[in-house]
$ cat coords-v9.txt   # compact mmCIF, C-alpha atoms
# COMPACT_ATOMS: atom_id res chain seq x y z
CA MET T 1 8.31 31.21 42.17
CA THR T 2 7.34 31.19 45.83
CA PRO T 3 7.53 28.04 47.95
CA ALA T 4 3.77 28.10 48.51
CA LEU T 5 3.14 28.25 44.77
CA SER T 6 5.51 25.37 44.06
CA ARG T 7 3.78 23.25 46.73
CA ARG T 8 0.39 23.97 45.17
CA SER T 9 1.58 23.09 41.68
CA LEU T 10 3.25 19.95 43.02
CA ALA T 11 0.04 18.99 44.83
CA ALA T 12 -1.96 19.71 41.67
CA VAL T 13 0.16 17.14 39.84
CA LEU T 14 0.50 14.52 42.59
CA VAL T 15 -3.12 14.31 43.78
CA PRO T 16 -4.57 13.23 40.40
CA LEU T 17 -1.63 10.84 39.95
CA ALA T 18 -2.26 9.28 43.36
CA LEU T 19 -5.95 8.88 42.58
CA ALA T 20 -5.18 7.24 39.25
CA VAL T 21 -2.77 4.75 40.83
CA SER T 22 -5.16 3.90 43.66
CA GLY T 23 -7.77 2.79 41.14
CA CYS T 24 -5.50 0.43 39.24
CA GLY T 25 -6.56 -2.65 41.19
CA LEU T 26 -3.24 -3.42 42.87
CA LYS T 27 -3.62 -5.10 46.24
CA PRO T 28 -0.90 -5.69 48.81
CA LEU T 29 0.20 -9.33 48.81
CA TYR T 30 0.71 -9.48 52.57
CA ALA T 31 -2.32 -7.37 53.56
CA GLY T 32 -2.99 -7.77 57.25
CA GLY T 33 0.64 -8.60 58.12
CA THR T 34 1.12 -11.83 60.06
CA GLY T 35 -2.62 -11.92 60.76
CA GLY T 36 -3.58 -11.81 57.08
CA ALA T 37 -4.89 -14.64 54.96
CA VAL T 38 -1.70 -15.10 52.91
CA ALA T 39 0.48 -15.20 56.03
CA ALA T 40 -1.88 -17.72 57.63
CA THR T 41 -1.63 -19.96 54.57
CA LEU T 42 2.16 -19.70 54.41
CA GLY T 43 2.37 -20.35 58.14
CA SER T 44 0.50 -23.63 57.67
CA VAL T 45 3.07 -25.13 55.28
CA ASP T 46 5.21 -28.03 56.51
CA VAL T 47 8.55 -28.41 54.72
CA ALA T 48 9.46 -32.03 54.02
CA PRO T 49 13.09 -33.06 54.66
CA ILE T 50 15.38 -32.43 51.68
CA GLN T 51 18.43 -34.64 51.11
CA GLY T 52 22.03 -33.49 51.26
CA ARG T 53 23.83 -30.43 52.56
CA SER T 54 22.16 -28.21 49.97
CA GLY T 55 18.83 -29.70 51.04
CA TRP T 56 19.53 -28.94 54.69
CA LEU T 57 20.34 -25.33 53.82
CA MET T 58 17.25 -25.01 51.62
CA ALA T 59 14.92 -26.55 54.21
CA ASN T 60 16.23 -24.18 56.89
CA ALA T 61 15.86 -21.15 54.61
CA LEU T 62 12.28 -22.17 53.76
CA ARG T 63 11.37 -22.83 57.40
CA ASP T 64 12.83 -19.45 58.40
CA ARG T 65 10.70 -17.64 55.83
CA LEU T 66 7.51 -19.63 56.34
CA GLY T 67 7.90 -19.66 60.12
CA ALA T 68 8.14 -15.86 60.14
CA MET T 69 4.55 -15.81 58.87
CA GLY T 70 3.29 -17.41 62.06
CA GLN T 71 1.30 -20.59 62.49
CA GLY T 72 -1.78 -21.20 60.40
CA GLY T 73 -3.58 -22.78 63.35
CA GLY T 74 -2.41 -26.21 64.49
CA ALA T 75 -1.76 -28.97 62.00
CA ALA T 76 -0.17 -28.12 58.69
CA LYS T 77 -2.64 -27.66 55.84
CA TYR T 78 0.05 -28.06 53.18
CA ARG T 79 3.24 -30.03 52.69
CA LEU T 80 6.08 -28.66 50.59
CA THR T 81 8.35 -31.18 48.88
CA VAL T 82 11.51 -30.00 47.17
CA ARG T 83 14.01 -31.81 44.95
CA LEU T 84 17.29 -30.01 44.33
CA ASP T 85 19.82 -30.14 41.54
CA ASP T 86 23.12 -28.64 42.72
CA ASP T 87 25.81 -28.45 40.07
CA ILE T 88 29.27 -26.89 39.73
CA VAL T 89 30.77 -26.44 36.27
CA GLY T 90 34.24 -25.19 35.40
CA LEU T 91 34.13 -22.27 32.96
CA GLY T 92 37.52 -20.76 32.31
CA THR T 93 40.94 -22.32 32.11
CA ARG T 94 44.43 -21.01 32.69
CA THR T 95 47.45 -21.68 30.52
CA ASP T 96 48.23 -24.75 32.63
CA ASP T 97 44.73 -26.13 31.90
CA SER T 98 43.54 -25.60 35.47
CA ILE T 99 40.07 -24.14 36.04
CA ALA T 100 39.99 -20.40 36.72
CA ARG T 101 36.24 -19.88 37.26
CA GLU T 102 33.26 -22.01 38.22
CA ARG T 103 29.53 -21.58 38.03
CA ARG T 104 27.40 -23.11 40.76
CA THR T 105 23.77 -23.67 39.82
CA LEU T 106 21.01 -24.56 42.24
CA ARG T 107 17.65 -25.58 40.77
CA ALA T 108 14.62 -26.68 42.76
CA ARG T 109 11.52 -28.53 41.65
CA TYR T 110 8.92 -28.06 44.32
CA GLN T 111 5.37 -29.17 44.92
CA LEU T 112 2.85 -27.81 47.39
CA ILE T 113 0.50 -30.60 48.42
CA ASP T 114 -2.87 -30.08 50.08
CA ALA T 115 -2.59 -32.28 53.19
CA ALA T 116 -6.33 -32.94 53.46
CA GLN T 117 -6.86 -34.09 49.88
CA GLY T 118 -3.34 -35.20 48.94
CA THR T 119 -3.48 -33.22 45.68
CA VAL T 120 -0.67 -31.15 44.24
CA VAL T 121 -1.81 -27.52 44.12
CA VAL T 122 1.49 -25.95 43.00
CA ASP T 123 4.12 -27.68 40.87
CA ALA T 124 6.91 -25.35 39.79
CA THR T 125 10.64 -24.76 39.59
CA ALA T 126 12.99 -22.10 40.88
CA GLY T 127 16.69 -21.58 40.47
CA SER T 128 19.68 -19.34 40.52
CA ASP T 129 23.40 -19.48 39.81
CA ALA T 130 26.59 -17.86 41.05
CA GLY T 131 30.07 -17.36 39.68
CA ILE T 132 33.07 -18.46 41.74
CA ASP T 133 36.71 -17.51 41.24
CA VAL T 134 39.03 -20.48 41.67
CA VAL T 135 42.14 -19.27 43.46
CA GLY T 136 45.42 -20.92 44.37
CA SER T 137 44.21 -21.92 47.82
CA GLU T 138 41.98 -24.98 47.76
CA TYR T 139 40.55 -23.96 51.15
CA ALA T 140 39.54 -20.54 49.80
CA THR T 141 37.89 -22.11 46.76
CA ILE T 142 35.91 -24.56 48.91
CA ALA T 143 34.86 -21.69 51.20
CA ALA T 144 33.70 -19.69 48.17
CA GLU T 145 31.73 -22.69 46.86
CA ASN T 146 30.05 -23.13 50.26
CA THR T 147 29.24 -19.43 50.53
CA ALA T 148 27.76 -19.51 47.04
CA LEU T 149 25.56 -22.47 48.04
CA GLU T 150 24.33 -20.62 51.13
CA ARG T 151 23.42 -17.55 49.07
CA LEU T 152 21.79 -19.61 46.34
CA SER T 153 19.70 -21.46 48.93
CA GLU T 154 18.44 -18.13 50.27
CA THR T 155 17.66 -16.81 46.79
CA VAL T 156 15.80 -19.93 45.69
CA ALA T 157 13.90 -20.07 48.99
CA ASP T 158 12.78 -16.47 48.41
CA GLN T 159 11.54 -17.42 44.94
CA ILE T 160 9.62 -20.42 46.28
CA VAL T 161 7.95 -18.46 49.10
CA ALA T 162 7.00 -15.65 46.70
CA ARG T 163 5.34 -18.18 44.38
CA LEU T 164 3.52 -19.82 47.30
CA ALA T 165 2.32 -16.39 48.47
CA LEU T 166 0.88 -15.73 45.02
CA TYR T 167 -0.93 -19.07 45.15
CA ALA T 168 -2.26 -18.26 48.63
CA ARG T 169 -3.47 -14.83 47.47
CA ARG T 170 -5.16 -16.26 44.40
CA THR T 171 -7.02 -18.94 46.39
CA GLN T 172 -8.22 -16.68 49.21
CA PRO T 173 -11.86 -15.62 49.12
CA SER T 174 -12.35 -12.00 48.05
CA PRO T 175 -13.40 -9.66 50.86
CA PRO T 176 -16.85 -8.11 50.44

$ encode --input "coords-v9.txt" --output "structure tokens"
Amino acid sequence: MTPALSRRSLAAVLVPLALAVSGCGLKPLYAGGTGGAVAATLGSVDVAPIQGRSGWLMANALRDRLGAMGQGGGAAKYRLTVRLDDDIVGLGTRTDDSIARERRTLRARYQLIDAAQGTVVVDATAGSDAGIDVVGSEYATIAAENTALERLSETVADQIVARLALYARRTQPSPP
């Protein structure tokens, strides 16, 4: 089979496939980049202070993600409130009854509030967990717990922003 023939047969298969996929109704979530409607909505979200060290990490992660979308034009149109549940549970034990493994769980209940009307437009939860090996060094274990919290904060913040982006996409007027 010649290279030209294989390209033609490949094109004969890919072109109809591409046409079929283009008609499926999928639309990019962040169409228009930072100038798009979803980015403008996300950029107009003010993150309320969240208590505790885990709250500080979560608020920073959310502000980083929402701030990357740009500003929605002056005053915030929405306020995001988040309540966190941060828990560490011992899982495995050694022969001396000391804990060998922990699971850190970070759960967030969040609400997106329309600032103009004061109504809750999104009320949802997000969460993730991480396993931590408990080693002989208490310092190393505390460092692993802190690193797990930092990663969990990032993961949960990603989940929250993705959910808010879906809300923003759903509430945007359809282009003509």

$ atom_distance --input "coords-v9.txt" --atom1 "CA of Tyr78 in chain T" --atom2 "CA of Gly55 in chain T"
19.0 Å

$ closest_residue --input "coords-v9.txt" --among "T:Arg94, T:Ile142, T:Tyr110, T:Leu66" --to "Ile50 in chain T" --atoms "only C-alpha atoms"
T:Tyr110

$ residues_near_point --input "coords-v9.txt" --point "(17.2, -18.7, 48.2)" --cutoff "12 Å" --atoms "all atoms listed in the file" --output "MDAnalysis selection string"
chainID T and resid 54:55 57:65 84 105:108 126:130 148:162

$ residues_around --input "coords-v9.txt" --residues "Val122 in chain T" --least-positions-apart "5" --cutoff "10 Å" --atoms "only C-alpha atoms" --output "count of residues only"
9

$ atom_distance --input "coords-v9.txt" --atom1 "CA of Val120 in chain T" --atom2 "CA of Asp87 in chain T"
26.9 Å

$ atom_distance --input "coords-v9.txt" --atom1 "CA of Ala140 in chain T" --atom2 "CA of Arg53 in chain T"
18.8 Å

$ closest_residue --input "coords-v9.txt" --among "T:Val82, T:Ala100, T:Tyr139, T:Thr93" --to "Asp123 in chain T" --atoms "all atoms listed in the file"
T:Val82

$ closest_residue --input "coords-v9.txt" --among "T:Glu102, T:Ser44, T:Thr95, T:Gly67" --to "Thr141 in chain T" --atoms "all atoms listed in the file"
T:Glu102

$ closest_residue --input "coords-v9.txt" --among "T:Ser137, T:Gln51, T:Gln117, T:Ser98" --to "Thr81 in chain T" --atoms "only C-alpha atoms"
T:Gln51

$ axis_aligned_box --input "coords-v9.txt" --around "range 48-66 of chain T" --padding-each-side "6 Å" --output "lines of an AutoDock Vina configuration file"
center_x = 15.7
center_y = -26.1
center_z = 54.2
size_x = 28.3
size_y = 29.0
size_z = 20.4

$ closest_residue --input "coords-v9.txt" --among "T:Ala168, T:Asp85, T:Arg101, T:Arg109" --to "Val135 in chain T" --atoms "all atoms listed in the file"
T:Arg101
